[in-house]
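Structure file target-v4.cif (mmCIF, C-alpha atoms) follows.
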data_final
#
loop_
_atom_site.label_atom_id
_atom_site.label_comp_id
_atom_site.auth_asym_id
_atom_site.auth_seq_id
_atom_site.Cartn_x
_atom_site.Cartn_y
_atom_site.Cartn_z
CA MET A 654 0.00 0.00 0.00
CA SER A 655 1.42 3.38 -1.01
CA PHE A 656 1.98 6.21 1.44
CA GLN A 657 -1.12 8.01 0.14
CA TRP A 658 -3.45 5.09 0.86
CA THR A 659 -1.70 4.27 4.11
CA PHE A 660 -2.49 7.80 5.25
CA ILE A 661 -6.12 7.54 4.08
CA ALA A 662 -6.53 4.19 5.88
CA ALA A 663 -5.03 5.63 9.07
CA PHE A 664 -7.36 8.61 8.73
CA LEU A 665 -10.31 6.21 8.35
CA TYR A 666 -9.35 4.34 11.53
CA MET A 667 -9.01 7.65 13.35
CA GLU A 668 -12.50 8.66 12.15
CA MET A 669 -13.94 5.37 13.41
CA GLY A 670 -12.37 6.01 16.81
CA ILE A 671 -13.73 9.57 16.93
CA VAL A 672 -17.24 8.35 16.05
CA LEU A 673 -17.10 5.70 18.77
CA VAL A 674 -15.98 8.27 21.35
CA LEU A 675 -18.69 10.73 20.30
CA LEU A 676 -21.31 7.99 20.67
CA LEU A 677 -20.31 7.08 24.24
CA PRO A 678 -23.55 7.32 26.26
CA PHE A 679 -22.00 8.38 29.58
CA ILE A 680 -20.60 11.65 28.17
CA SER A 681 -23.42 14.20 28.09
CA PRO A 682 -23.83 16.79 25.30
CA VAL A 683 -23.18 19.54 27.85
CA ARG A 684 -19.81 17.98 28.70
CA TRP A 685 -18.96 17.71 25.00
CA GLN A 686 -19.90 21.36 24.54
CA LYS A 687 -17.49 22.33 27.31
CA ILE A 688 -14.77 20.23 25.66
CA PHE A 689 -15.41 21.85 22.27
CA ARG A 690 -15.16 25.31 23.84
CA SER A 691 -12.06 24.56 25.91
CA LYS A 692 -8.87 26.54 25.38
CA ALA A 693 -7.11 23.48 23.98
CA LEU A 694 -9.60 23.17 21.10
CA ASN A 695 -10.47 26.85 20.74
CA MET A 696 -7.90 27.52 18.01
CA VAL A 697 -8.92 24.37 16.12
CA THR A 698 -12.66 25.00 16.31
CA SER A 699 -12.22 28.61 15.16
CA TYR A 700 -11.03 27.25 11.79
CA SER A 701 -13.25 24.15 11.83
CA ASN A 702 -15.20 25.09 8.69
CA TYR A 703 -11.98 25.68 6.77
CA TYR A 704 -10.45 22.37 7.87
CA PHE A 705 -13.68 20.54 7.14
CA ASN A 706 -13.91 21.91 3.59
CA VAL A 707 -10.23 21.18 2.89
CA PHE A 708 -10.56 17.56 3.99
CA ILE A 709 -13.81 17.18 2.06
CA VAL A 710 -12.05 18.32 -1.12
CA LEU A 711 -9.04 16.04 -0.50
CA LEU A 712 -11.19 13.00 0.26
CA ALA A 713 -13.44 13.72 -2.73
CA VAL A 714 -10.39 13.89 -5.03
CA VAL A 715 -9.02 10.65 -3.61
CA PHE A 716 -12.42 8.99 -3.93
CA ALA A 717 -12.73 10.11 -7.55
CA ASP A 718 -9.23 8.78 -8.27
CA ALA A 719 -10.21 5.44 -6.70
CA ILE A 720 -13.29 5.26 -8.93
CA ARG A 721 -11.11 5.97 -11.95
CA GLU A 722 -8.69 3.19 -10.99
CA VAL A 723 -11.52 0.69 -10.48
CA ARG A 724 -12.99 1.48 -13.89
CA LYS A 725 -9.54 1.35 -15.49
CA PHE A 726 -8.65 -2.10 -14.19
CA SER A 727 -12.18 -3.41 -14.63
CA ILE A 728 -11.94 -2.62 -18.34
CA ALA A 729 -8.48 -4.19 -18.45
CA HIS A 730 -9.82 -7.27 -16.67
CA GLU A 731 -12.64 -7.64 -19.19
CA GLY A 732 -10.19 -7.20 -22.04
CA ASP A 733 -7.92 -9.97 -20.73
CA ALA A 734 -10.74 -12.41 -20.02
CA ASP A 735 -9.54 -14.55 -22.94
CA PRO A 736 -8.30 -17.92 -21.58
CA LYS A 737 -5.37 -17.75 -24.00
CA SER A 738 -4.06 -14.61 -22.27
CA ASN A 739 -0.85 -14.73 -20.26
CA ARG A 740 -1.66 -16.07 -16.79
CA GLU A 741 0.87 -13.82 -15.12
CA THR A 742 -0.64 -10.75 -16.79
CA VAL A 743 -4.13 -11.78 -15.68
CA ASP A 744 -2.93 -12.23 -12.09
CA ILE A 745 -1.32 -8.80 -12.12
CA ILE A 746 -4.55 -7.25 -13.41
CA HIS A 747 -6.54 -9.08 -10.73
CA MET A 748 -4.16 -7.83 -8.05
CA ARG A 749 -4.38 -4.25 -9.25
CA LEU A 750 -8.16 -4.48 -9.53
CA PHE A 751 -8.35 -5.76 -5.95
CA ARG A 752 -6.16 -2.89 -4.73
CA ALA A 753 -8.26 -0.38 -6.65
CA GLN A 754 -11.46 -1.77 -5.13
CA ARG A 755 -9.88 -1.74 -1.67
CA ASN A 756 -8.83 1.88 -2.10
CA PHE A 757 -12.32 2.69 -3.37
CA TYR A 758 -13.93 1.39 -0.17
CA ILE A 759 -11.34 3.05 2.06
CA ALA A 760 -11.80 6.45 0.41
CA GLY A 761 -15.59 6.12 0.31
CA PHE A 762 -15.92 5.20 3.98
CA ALA A 763 -13.44 7.90 5.00
CA LEU A 764 -15.49 10.51 3.13
CA PHE A 765 -18.74 9.22 4.61
CA LEU A 766 -17.45 9.12 8.20
CA TRP A 767 -16.05 12.65 7.85
CA LEU A 768 -19.57 13.87 7.04
CA VAL A 769 -20.98 11.78 9.91
CA ILE A 770 -18.50 13.31 12.37
CA ARG A 771 -19.46 16.84 11.30
CA ARG A 772 -23.15 15.97 11.69
CA LEU A 773 -22.59 14.39 15.12
CA VAL A 774 -20.71 17.45 16.39
CA THR A 775 -23.50 19.71 15.12
CA LEU A 776 -26.20 17.58 16.78
CA ILE A 777 -24.31 17.40 20.07
CA SER A 778 -23.85 21.18 20.13
CA SER A 779 -27.53 21.72 19.28
CA GLU A 780 -28.67 19.34 22.02
CA ALA A 781 -26.42 21.02 24.58
CA LYS A 782 -27.89 24.39 23.61
CA LEU A 783 -31.44 23.02 23.91
CA GLN A 784 -30.72 21.61 27.35
CA ALA A 785 -29.33 24.96 28.50
CA GLU A 786 -32.41 26.76 27.16
CA LYS A 787 -34.64 24.17 28.83
CA GLU A 788 -33.00 24.77 32.21
CA ALA A 789 -33.33 28.54 31.77
CA ALA A 790 -37.02 28.15 30.85
CA LEU A 791 -37.62 25.97 33.91
CA LYS A 792 -36.03 28.58 36.15
CA GLN A 793 -38.11 31.29 34.50
CA ALA A 794 -41.27 29.24 34.96
CA GLN A 795 -40.44 28.61 38.61
CA SER A 796 -39.80 32.31 39.14
CA ALA A 797 -43.12 33.17 37.48
CA THR A 798 -44.89 30.62 39.70
CA ASP A 799 -43.35 32.11 42.83
CA THR A 800 -44.37 35.58 41.68
CA ALA A 801 -47.91 34.39 41.03
CA LYS A 802 -48.12 32.84 44.50
CA ALA A 803 -46.80 36.03 46.06
CA LEU A 804 -49.34 38.09 44.18
CA MET A 805 -52.15 35.75 45.20
CA GLU A 806 -51.10 36.03 48.84
CA ALA A 807 -50.94 39.79 48.48
CA ASN A 808 -54.39 39.67 46.90
CA ASP A 809 -55.78 37.71 49.85
CA LYS A 810 -54.28 40.15 52.32
CA LYS A 811 -55.72 43.11 50.45
CA GLU A 812 -59.14 41.49 50.32
CA LYS A 813 -59.08 41.03 54.10
CA LYS A 814 -57.94 44.57 54.52
CA LYS A 815 -60.77 45.67 52.24
CA GLU A 816 -63.32 43.91 54.47
CA ASP A 817 -61.86 45.59 57.56
CA GLU A 818 -62.11 49.02 55.96
CA ALA A 819 -65.54 48.47 54.35
CA LYS A 820 -67.08 51.27 56.47
CA ASP A 821 -64.98 53.90 54.80
CA ASP A 822 -66.36 54.30 51.25
CA GLU A 823 -63.48 56.38 50.02
CA THR A 824 -60.91 53.98 51.40
CA THR A 825 -62.86 51.06 49.96
CA ALA A 826 -62.83 52.65 46.51
CA VAL A 827 -59.07 53.09 46.70
CA LYS A 828 -58.59 49.48 47.77
CA GLU A 829 -60.80 48.22 44.96
CA HIS A 830 -58.66 50.12 42.47
CA GLU A 831 -55.52 48.55 43.92
CA LEU A 832 -57.17 45.15 43.81
CA ASN A 833 -57.94 45.58 40.13
CA ASP A 834 -54.31 46.46 39.49
CA VAL A 835 -53.20 43.35 41.33
CA LYS A 836 -55.63 41.21 39.33
CA GLU A 837 -54.26 42.64 36.10
CA GLU A 838 -50.73 41.87 37.22
CA LEU A 839 -51.81 38.36 38.19
CA LEU A 840 -53.39 37.77 34.79
CA LYS A 841 -50.27 39.06 33.08
CA THR A 842 -48.11 36.77 35.19
CA LYS A 843 -50.32 33.78 34.40
CA ASP A 844 -50.06 34.61 30.70
CA ASP A 845 -46.26 34.79 30.96
CA LEU A 846 -46.29 31.46 32.77
CA ARG A 847 -48.38 29.90 30.01
CA HIS A 848 -46.01 31.20 27.34
CA ALA A 849 -43.04 29.84 29.28
CA LYS A 850 -44.71 26.44 29.51
CA ASN A 851 -45.39 26.44 25.76
CA ASP A 852 -41.75 27.32 25.07
CA LEU A 853 -40.67 24.51 27.38
CA ASP A 854 -42.86 21.99 25.53
CA THR A 855 -41.45 23.15 22.19
CA MET A 856 -37.87 22.74 23.40
CA ALA A 857 -38.69 19.30 24.79
CA LYS A 858 -39.99 18.24 21.35
CA GLN A 859 -36.86 19.61 19.71
CA ALA A 860 -34.69 17.71 22.20
CA LYS A 861 -36.63 14.50 21.44
CA ALA A 862 -36.15 15.01 17.70
CA THR A 863 -32.41 15.55 18.27
CA ASN A 864 -32.19 12.35 20.32
CA ASP A 865 -34.04 10.42 17.59
CA GLU A 866 -31.61 11.73 14.97
CA TYR A 867 -28.73 10.80 17.27
CA ASP A 868 -30.05 7.22 17.61
CA ARG A 869 -30.51 6.97 13.83
CA LEU A 870 -26.92 7.99 13.20
CA LEU A 871 -25.79 5.42 15.78
CA GLN A 872 -27.68 2.69 13.93
CA GLU A 873 -26.21 3.82 10.60
CA HIS A 874 -22.74 3.70 12.10
CA GLY A 875 -23.36 0.18 13.41
CA LYS A 876 -24.48 -0.98 9.97
CA LEU A 877 -21.51 0.78 8.34
CA GLN A 878 -19.02 -0.79 10.74
CA ALA A 879 -20.57 -4.26 10.23
CA LYS A 880 -20.36 -3.80 6.46
CA LEU A 881 -16.72 -2.65 6.73
CA GLU A 882 -15.80 -5.69 8.85
CA ALA A 883 -17.60 -7.99 6.39
CA GLU A 884 -15.69 -6.41 3.50
CA GLY A 885 -12.42 -6.87 5.43
CA GLU A 886 -13.14 -10.55 6.10
CA SER A 887 -14.17 -11.08 2.46
CA LYS A 888 -10.92 -9.53 1.28
CA LYS A 889 -8.92 -11.73 3.65
CA VAL A 890 -10.67 -14.84 2.29
CA ASN A 891 -9.95 -13.72 -1.26
#

Could I get this structure in the form of C-alpha cells?
Amino acid sequence: MSFQWTFIAAFLYMEMGIVLVLLLPFISPVRWQKIFRSKALNMVTSYSNYYFNVFIVLLAVVFADAIREVRKFSIAHEGDADPKSNRETVDIIHMRLFRAQRNFYIAGFALFLWLVIRRLVTLISSEAKLQAEKEAALKQAQSATDTAKALMEANDKKEKKKEDEAKDDETTAVKEHELNDVKEELLKTKDDLRHAKNDLDTMAKQAKATNDEYDRLLQEHGKLQAKLEAEGESKKVN
C-alpha cells in the first residue's frame, strides 16, 4: 500500500475512533460542549469550517481517483478475459483491480465518516444548547410561579384589609382600584407562565427530535461498521 493510501486508511481508523468516542452514552452533550469550547480546542474550532472543507475536497479527489482506478482495471480485466491470455498478466490485473477496489472502499468510507462526524458534532452542540435553554425556561417558569403565589397572597391580604375598611367608602374605593391592578398583574403573570410552559414543551420536542436523529446515526454507524468488517473478512478470504 502506497503512502497516500496508508495515510487515508489511518485517517479512516481515526475517524472510526472519533465516532465511537462521540457515541459514548456516559458523556453528556453539555460535557462535549465544554470540551469543544475549551482553550485546547479553541484555536482548532475557530477554523473548523476551513479544515472541514479542505478535507472534504481532499477526500473527494481521492475517492474520484479510486473510482477511476476501479474502472480502469475493470476494463483491463474484461479485455484480458480470454483464456489464452498470459496467466501472469491476468494475475497482475486481478491484483491491481483488488487494490483499486480496496482503495475505493477506504476512500468512500473515509469521506462518509467525515460527514458523519461533522453531523454528530452539530447535533451534540444543538442538544447542549437546547438543554441549557430548557433549564433557563424551567427557572423562569419557577420564578413566574413564585411571583404568582406572592401576588395571590398579596391579593388575599388586600381582600381582608378591604373587608376591615368596608365602612370607609373612600378607602374602599381606593382598595378596589388597587385590587384591580393586582388582578391585572396576576393575569399578566399567568399569561407569561403559560407562554413559558409552551416554550418549554417546544424545546422538549426539539430535544426529542435531536435524540431520535442521534439514535438513527448510531444505527447507521453500526451498519456501516458491520459492512466494513464484512468487507475486510471477504478480502482476507480472497

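The neighbours of Leu881 in chain A here are the residues that come within 10 Å of it, using only C-alpha atoms and leaving out any residue fewer than 6 positions away in the same chain; they are Tyr758, Ile759, Phe762, Gly875 and Ser887 of chain A.
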
Just to confirm, what's the straight-line distance from CA of Leu675 in chain A to CA of Trp767 in chain A in Å (one decimal)?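 Separating CA of Leu675 in chain A from CA of Trp767 in chain A is a distance of 12.9 Å.
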
What does the PyMOL selection byres ((chain A and resi 807) around 12) select in this file, as a PyMOL selection string? chain A and resi 800-806+808-814+831-832+834-836+838-839

Residues in the PyMOL selection byres ((chain A and resi 849) around 10), expressed as a PyMOL selection string: chain A and resi 790-795+797+843-848+850-855

Could you tell me which of A:Glu886, A:Val723, A:Arg684, A:Leu877 comes closest to Arg752 in chain A if we count only C-alpha atoms?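 Nearest candidate to Arg752 in chain A out of A:Glu886, A:Val723, A:Arg684, A:Leu877: A:Val723.
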
Using all atoms listed in the file: which of A:Leu711, A:Ser727, A:Met856, A:Tyr867 has the shortest distance to Ala789 in chain A: A:Met856

Atomic separation - CA of Thr659 in chain A relative to CA of Gly885 in chain A, Å: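 Calculated distance between CA of Gly885 in chain A and CA of Thr659 in chain A is 15.5 Å.
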
Would you translate the PyMOL selection byres ((chain A and resi 665) around 9) into the concrete set of residues it matches in this file, as a PyMOL selection string? chain A and resi 660-664+666-670+759-760+762-764+766-767

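Among A:Ile688, A:Ala785, A:Leu871, A:Val715, the residue with the shortest atom-to-atom distance to Ala857 in chain A, counting all atoms listed in the file, is A:Ala785.
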
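The coordinates place CA of Ser701 in chain A at 9.6 Å from CA of Arg771 in chain A.
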
Neighbours of Leu776 in chain A within 9 Å (only C-alpha atoms; same-chain residues fewer than 2 positions away dropped), as a list in words?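 With the cut-off at 9 Å, the set is Pro682, Arg771, Arg772, Leu773, Val774, Ser778, Ser779, Glu780, Ala781, Thr863, Asn864, Glu866 and Tyr867 of chain A.
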